Amino acid sequence: MQEPIRIGHERDHHSASPETPLRSDAFVLSDSEKRSIIQELVRGILETLGMDLNDDSLKGTPGRVAEMFVDEIFGGLHPDRMPELSTFENSYQYGEMLVEKNIVLYSTCEHHLLPIVGRAHVAYLSQGKVIGLSKMNRIVDYYAKRPQVQERLTRQIVHALQQALGTEDVACVIDAKHLCVNSRGIRDIDSSTVTAEYGGRFQEESVKREFLDLIRLQTSFGA
């Protein structure tokens, strides 16, 4: 078996690393080769379940699933798809907390390959650099597009932004529904999971409280 590699971001971490476990040969195959192999594997699964893949509705399913896995819902596995996190000098000398909340998040539970759907709230305190708002959305989306556990996802978002901004003062809270809980097993359709990662000054009670108060603030914009 190939040794695992860890894909998160450039910094090394200890054994409690939030990085995604991948084999060392994870990127030997091209995306096209992966799609072809996955297509045949999905075909085998459906045929094993007794599905008639000659049916018009089903015959394209293996190819659609393979394309979805490689190019869409697991596209964040490949480091080449990491968004460029351009930063700028804080020329406005803005020294307060910057919060982007309600970032829509779609991910996939790595235990049952069922959807995780929720919202991420991200904040930082500038130490001389600021980052484009859309980049915060993109980094959430990038790390979400992997087989995930929510705890790891939360930490990956924070660590990537810490590296880009050159500060530990970054925080993230995620509130999400897991369909492995909502649609199977216990089938609890109302429960959601909340995870948080607080770096630097966000570990101070007053700063953490300000962040949590801001993400609870109602911001509704009608037409």
# chains A, B, ... in the order shown; residues from 1 in each chain; ligands from 1
>>> residues_around(residues="A:His78", least_positions_apart="5", cutoff="12 Å", atoms="only C-alpha atoms", output="ChimeraX atom specification")
/A:6-9,20,22,26-31,70-73,83,142-143,145-146
>>> write_last_selection(atoms="C-alpha atoms", output="mmCIF file, in the first residue's frame")
data_model
loop_
_atom_site.group_PDB
_atom_site.id
_atom_site.type_symbol
_atom_site.label_atom_id
_atom_site.label_comp_id
_atom_site.auth_asym_id
_atom_site.auth_seq_id
_atom_site.Cartn_x
_atom_site.Cartn_y
_atom_site.Cartn_z
ATOM 1 C CA ARG A 6 -1.241 15.062 3.573
ATOM 2 C CA ILE A 7 -2.769 17.746 1.410
ATOM 3 C CA GLY A 8 -3.855 20.843 3.267
ATOM 4 C CA HIS A 9 -1.513 23.739 2.671
ATOM 5 C CA THR A 20 -6.447 15.574 4.100
ATOM 6 C CA LEU A 22 -4.034 11.056 0.490
ATOM 7 C CA ALA A 26 -2.810 10.366 -5.599
ATOM 8 C CA PHE A 27 -1.985 12.487 -8.652
ATOM 9 C CA VAL A 28 -0.210 9.960 -10.878
ATOM 10 C CA LEU A 29 -3.372 9.354 -12.895
ATOM 11 C CA SER A 30 -4.758 12.164 -15.018
ATOM 12 C CA ASP A 31 -8.292 13.422 -14.432
ATOM 13 C CA VAL A 70 -13.417 14.240 -10.356
ATOM 14 C CA ASP A 71 -14.435 17.689 -11.589
ATOM 15 C CA GLU A 72 -16.985 18.857 -9.053
ATOM 16 C CA ILE A 73 -17.605 17.527 -5.556
ATOM 17 C CA PRO A 83 -7.330 29.411 -5.332
ATOM 18 C CA TYR A 142 -11.930 24.594 -2.242
ATOM 19 C CA TYR A 143 -11.568 22.715 1.029
ATOM 20 C CA LYS A 145 -14.822 19.937 -2.302
ATOM 21 C CA ARG A 146 -13.273 16.861 -0.729
#
>>> select_by_dssp(residues="stretch 102-212 of chain A", states="helix (DSSP H, G or I)", output="number ranges by chain")
A: 133-144, 150-165, 179-182, 200-203, 205-212
>>> residues_around(residues="A:Ile37", least_positions_apart="5", cutoff="12 Å", atoms="only C-alpha atoms", output="ChimeraX atom specification")
/A:29-32,42-44,62-63,65-67,69-70
>>> select_by_dssp(residues="stretch 49-216 of chain A", states="strand (DSSP E or B)", output="PyMOL selection string")
chain A and resi 87-89+98-109+115-124+129-131+147-148+170-178+193-198
>>> residues_around(residues="A:Glu151", least_positions_apart="5", cutoff="9 Å", atoms="only C-alpha atoms", output="ChimeraX atom specification")
/A:18,156,174,194-197
>>> closest_residue(among="A:Ser107, A:Thr87, A:Gln39, A:Thr193", to="A:Ala164", atoms="only C-alpha atoms")
A:Thr87
>>> closest_residue(among="A:Glu40, A:Glu33, A:Ile103, A:Asp141", to="A:Gly75", atoms="only C-alpha atoms")
A:Asp141
